[in-house]
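Worksheet for the structure shown next.
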Amino acid sequence: MKKIDKVLKKYDYKSSRIIQILNEIQEIQNYLPKHVLEYVSRQLKLPLSSIYSIATFYSAFSLKPRGKHLVTVCMGTACHVRGAPAVLNRLEEKLKIKSGDTTVDNRFTLKTVNCLGACALAPIVVVDDEYHGQTTVNKVDQLVQNYEKD
Ligand code: FES
C-alpha cells in the first residue's frame with residue numbers, strides 16, 4: 001500500500017479530495033480494487049458506502065480491472081442515429097466481448113457512454129483519450145488493429 005499511502009499523504013488525508021485520490025489510485029492500479037477502497041475508507045475515516053457512490057457515479061472510474069486500452073462507444077442520440085449500434089456490434093464481434101467487459105488478453109475494455117458532447121463528429125469511438133469521429137463499421141477493424149500493436 002506504499003503507493004496508496006503516498007497518494008493519501010499528497011492530499012493530506014482529506015476526505016474532501018476523494019475524487020482526486022480515486023483518480024490517482026485508478027491511474028496506478030488501472031481500476032479501483034475493493035481492498036484498496038476499504039483501506040482508503042479506513043485511512044480517511046470516510047464511509048465505504050460514500051466512496052462507492054462516488055466511484056459508481058463517475059463513469060471514468062472502474063471497479064473492475066480494465067484492459068490496456070479503453071474503447072468507449074458513444075450511444076447518445078446523434079451517434080445512435082448515425083450508426084453507433086452497428087459500430088458497437090462490430091467492436092463486440094471483433095473483440096469477442098460485450099460492452100462492459102475486458103478481452104481475455106487484457107488488451108481492451110469496451111464500454112458505452114451517452115453523449116460525449118461532440119455530436120458533430122458522430123458516431124464517435126474514443127480509444128483511451130483519442131477521439132475517432134465518423135467511425136463506420138468498415139473503419140472498426142483498422143481501428144482495433146492500430147491499438148493491437150502497442
Ligand atoms: S451523441 Fe455522441 S457525441 Fe453527442
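FYI, nothing fancy with the C-alpha cells labels: chains A, B, ... in order, residues from 1 per chain, ligands from 1 as they appear.
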Enumerate as a PDB file with C-alpha atoms, in the first residue's frame the residues within 12 Å of ligand 1, counting only C-alpha atoms and all ligand atoms.
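Result file result_25.pdb:
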ATOM      1  CA  THR A  72     -15.672   3.896 -25.492  1.00  0.00           C
ATOM      2  CA  VAL A  73     -18.569   3.994 -27.932  1.00  0.00           C
ATOM      3  CA  CYS A  74     -20.926   6.942 -27.714  1.00  0.00           C
ATOM      4  CA  MET A  75     -24.552   5.805 -27.780  1.00  0.00           C
ATOM      5  CA  GLY A  76     -26.098   9.248 -27.387  1.00  0.00           C
ATOM      6  CA  THR A  77     -28.898  10.227 -29.755  1.00  0.00           C
ATOM      7  CA  ALA A  78     -26.770  11.822 -32.507  1.00  0.00           C
ATOM      8  CA  CYS A  79     -24.318   8.930 -32.551  1.00  0.00           C
ATOM      9  CA  HIS A  80     -27.139   6.394 -32.307  1.00  0.00           C
ATOM     10  CA  VAL A  81     -28.970   7.699 -35.370  1.00  0.00           C
ATOM     11  CA  ARG A  82     -25.740   7.859 -37.350  1.00  0.00           C
ATOM     12  CA  GLY A  83     -24.863   4.217 -36.851  1.00  0.00           C
ATOM     13  CA  ALA A  84     -23.322   3.764 -33.390  1.00  0.00           C
ATOM     14  CA  PRO A  85     -25.231   0.489 -32.694  1.00  0.00           C
ATOM     15  CA  THR A 112     -20.601   2.778 -23.889  1.00  0.00           C
ATOM     16  CA  VAL A 113     -21.495   6.314 -22.809  1.00  0.00           C
ATOM     17  CA  ASN A 114     -24.301   8.738 -23.518  1.00  0.00           C
ATOM     18  CA  CYS A 115     -23.088  11.772 -25.465  1.00  0.00           C
ATOM     19  CA  LEU A 116     -19.512  12.928 -25.316  1.00  0.00           C
ATOM     20  CA  GLY A 117     -20.512  16.466 -26.240  1.00  0.00           C
ATOM     21  CA  ALA A 118     -19.039  16.309 -29.737  1.00  0.00           C
ATOM     22  CA  CYS A 119     -22.149  15.309 -31.680  1.00  0.00           C
ATOM     23  CA  ALA A 120     -20.940  16.946 -34.921  1.00  0.00           C
ATOM     24  CA  LEU A 121     -18.384  14.125 -35.152  1.00  0.00           C
ATOM     25  CA  ALA A 122     -20.979  11.378 -34.667  1.00  0.00           C
ATOM     26  CA  PRO A 123     -20.661   8.482 -34.448  1.00  0.00           C
ATOM     27  CA  ILE A 124     -17.699   8.657 -32.101  1.00  0.00           C
ATOM     28  CA  VAL A 125     -15.432   5.997 -30.681  1.00  0.00           C
ATOM     29  CA  VAL A 126     -12.840   7.063 -28.130  1.00  0.00           C
ATOM     30  CA  TYR A 131     -11.392  10.668 -30.425  1.00  0.00           C
ATOM     31  CA  HIS A 132     -12.269   8.886 -33.655  1.00  0.00           C
ATOM     32  CA  GLY A 133     -15.137  10.717 -35.308  1.00  0.00           C
ATOM     33  CA  GLN A 134     -17.423   9.472 -38.087  1.00  0.00           C
ATOM     34  CA  THR A 135     -16.480   5.921 -37.286  1.00  0.00           C
TER      35      THR A 135
END
- request: Run DSSP on the backbone of this structure and report the residues of region 53-142 of chain A it assigns to helix (DSSP H, G or I), as a ChimeraX atom specification.
  value: /A:53-57,77-81,84-95,119-121,137-142
Write the selection just made, keeping N, CA and C atoms, as a tab-separated table (two decimals), in the first residue's frame?
chain	number	residue	atom	x	y	z
A	53	SER	N	-20.36	5.27	-3.73
A	53	SER	CA	-21.32	6.07	-4.52
A	53	SER	C	-20.58	7.02	-5.45
A	54	ILE	N	-19.43	7.52	-5.05
A	54	ILE	CA	-18.64	8.38	-5.94
A	54	ILE	C	-18.04	7.53	-7.07
A	55	ALA	N	-17.49	6.39	-6.70
A	55	ALA	CA	-16.83	5.53	-7.70
A	55	ALA	C	-17.81	5.02	-8.75
A	56	THR	N	-19.07	4.87	-8.37
A	56	THR	CA	-20.04	4.36	-9.35
A	56	THR	C	-20.74	5.50	-10.10
A	57	PHE	N	-20.72	6.70	-9.51
A	57	PHE	CA	-21.37	7.84	-10.17
A	57	PHE	C	-20.59	8.30	-11.41
A	77	THR	N	-27.94	10.18	-28.64
A	77	THR	CA	-28.90	10.23	-29.76
A	77	THR	C	-28.24	10.46	-31.11
A	78	ALA	N	-27.39	11.50	-31.21
A	78	ALA	CA	-26.77	11.82	-32.51
A	78	ALA	C	-25.94	10.65	-33.02
A	79	CYS	N	-25.16	10.06	-32.14
A	79	CYS	CA	-24.32	8.93	-32.55
A	79	CYS	C	-25.19	7.72	-32.88
A	80	HIS	N	-26.25	7.54	-32.10
A	80	HIS	CA	-27.14	6.39	-32.31
A	80	HIS	C	-27.77	6.44	-33.69
A	81	VAL	N	-28.30	7.62	-34.06
A	81	VAL	CA	-28.97	7.70	-35.37
A	81	VAL	C	-27.98	7.63	-36.53
A	84	ALA	N	-24.10	4.28	-34.51
A	84	ALA	CA	-23.32	3.76	-33.39
A	84	ALA	C	-23.66	2.31	-33.02
A	85	PRO	N	-24.95	1.89	-33.07
A	85	PRO	CA	-25.23	0.49	-32.69
A	85	PRO	C	-24.48	-0.51	-33.58
A	86	ALA	N	-24.39	-0.22	-34.88
A	86	ALA	CA	-23.68	-1.14	-35.78
A	86	ALA	C	-22.18	-1.13	-35.48
A	87	VAL	N	-21.65	0.05	-35.13
A	87	VAL	CA	-20.23	0.16	-34.79
A	87	VAL	C	-19.96	-0.65	-33.51
A	88	LEU	N	-20.86	-0.50	-32.55
A	88	LEU	CA	-20.71	-1.26	-31.29
A	88	LEU	C	-20.77	-2.76	-31.55
A	89	ASN	N	-21.72	-3.19	-32.38
A	89	ASN	CA	-21.83	-4.62	-32.71
A	89	ASN	C	-20.54	-5.15	-33.32
A	90	ARG	N	-19.98	-4.37	-34.23
A	90	ARG	CA	-18.75	-4.82	-34.89
A	90	ARG	C	-17.59	-4.89	-33.89
A	91	LEU	N	-17.54	-3.92	-32.99
A	91	LEU	CA	-16.49	-3.94	-31.97
A	91	LEU	C	-16.65	-5.17	-31.07
A	92	GLU	N	-17.89	-5.47	-30.70
A	92	GLU	CA	-18.14	-6.63	-29.83
A	92	GLU	C	-17.73	-7.92	-30.55
A	93	GLU	N	-18.03	-7.95	-31.84
A	93	GLU	CA	-17.68	-9.12	-32.66
A	93	GLU	C	-16.17	-9.26	-32.76
A	94	LYS	N	-15.53	-8.17	-33.09
A	94	LYS	CA	-14.09	-8.15	-33.32
A	94	LYS	C	-13.31	-8.48	-32.04
A	95	LEU	N	-13.74	-7.88	-30.92
A	95	LEU	CA	-13.03	-8.09	-29.66
A	95	LEU	C	-13.51	-9.33	-28.90
A	119	CYS	N	-21.19	15.97	-30.78
A	119	CYS	CA	-22.15	15.31	-31.68
A	119	CYS	C	-21.87	15.54	-33.16
A	120	ALA	N	-21.23	16.66	-33.51
A	120	ALA	CA	-20.94	16.95	-34.92
A	120	ALA	C	-20.04	15.86	-35.52
A	121	LEU	N	-19.30	15.17	-34.66
A	121	LEU	CA	-18.38	14.13	-35.15
A	121	LEU	C	-19.01	12.74	-35.13
A	137	VAL	N	-18.63	1.05	-39.55
A	137	VAL	CA	-18.35	-0.37	-39.32
A	137	VAL	C	-17.06	-0.76	-40.05
A	138	ASN	N	-16.91	-0.23	-41.27
A	138	ASN	CA	-15.72	-0.57	-42.06
A	138	ASN	C	-14.42	-0.07	-41.45
A	139	LYS	N	-14.50	0.97	-40.63
A	139	LYS	CA	-13.28	1.52	-40.03
A	139	LYS	C	-12.88	0.79	-38.74
A	140	VAL	N	-13.81	-0.01	-38.19
A	140	VAL	CA	-13.58	-0.63	-36.89
A	140	VAL	C	-12.37	-1.56	-36.90
A	141	ASP	N	-12.25	-2.41	-37.91
A	141	ASP	CA	-11.16	-3.39	-37.94
A	141	ASP	C	-9.80	-2.71	-37.92
A	142	GLN	N	-9.67	-1.66	-38.73
A	142	GLN	CA	-8.41	-0.93	-38.79
A	142	GLN	C	-8.11	-0.25	-37.46
task: Would you return as a ChimeraX atom specification the members of region 2-150 of chain A that DSSP assigns to strand (DSSP E) on this structure's backbone?
output: /A:69-74,108-113,125-127,130-132
- line: One decimal place gives the CA of Glu24 (chain A)-CA of His69 (chain A) separation as 17.4 Å
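Minimum distance to Ile25 (chain A) across A:Lys149, A:Lys96, A:Lys6, A:Arg107 (counting only C-alpha atoms) occurs at A:Lys6.
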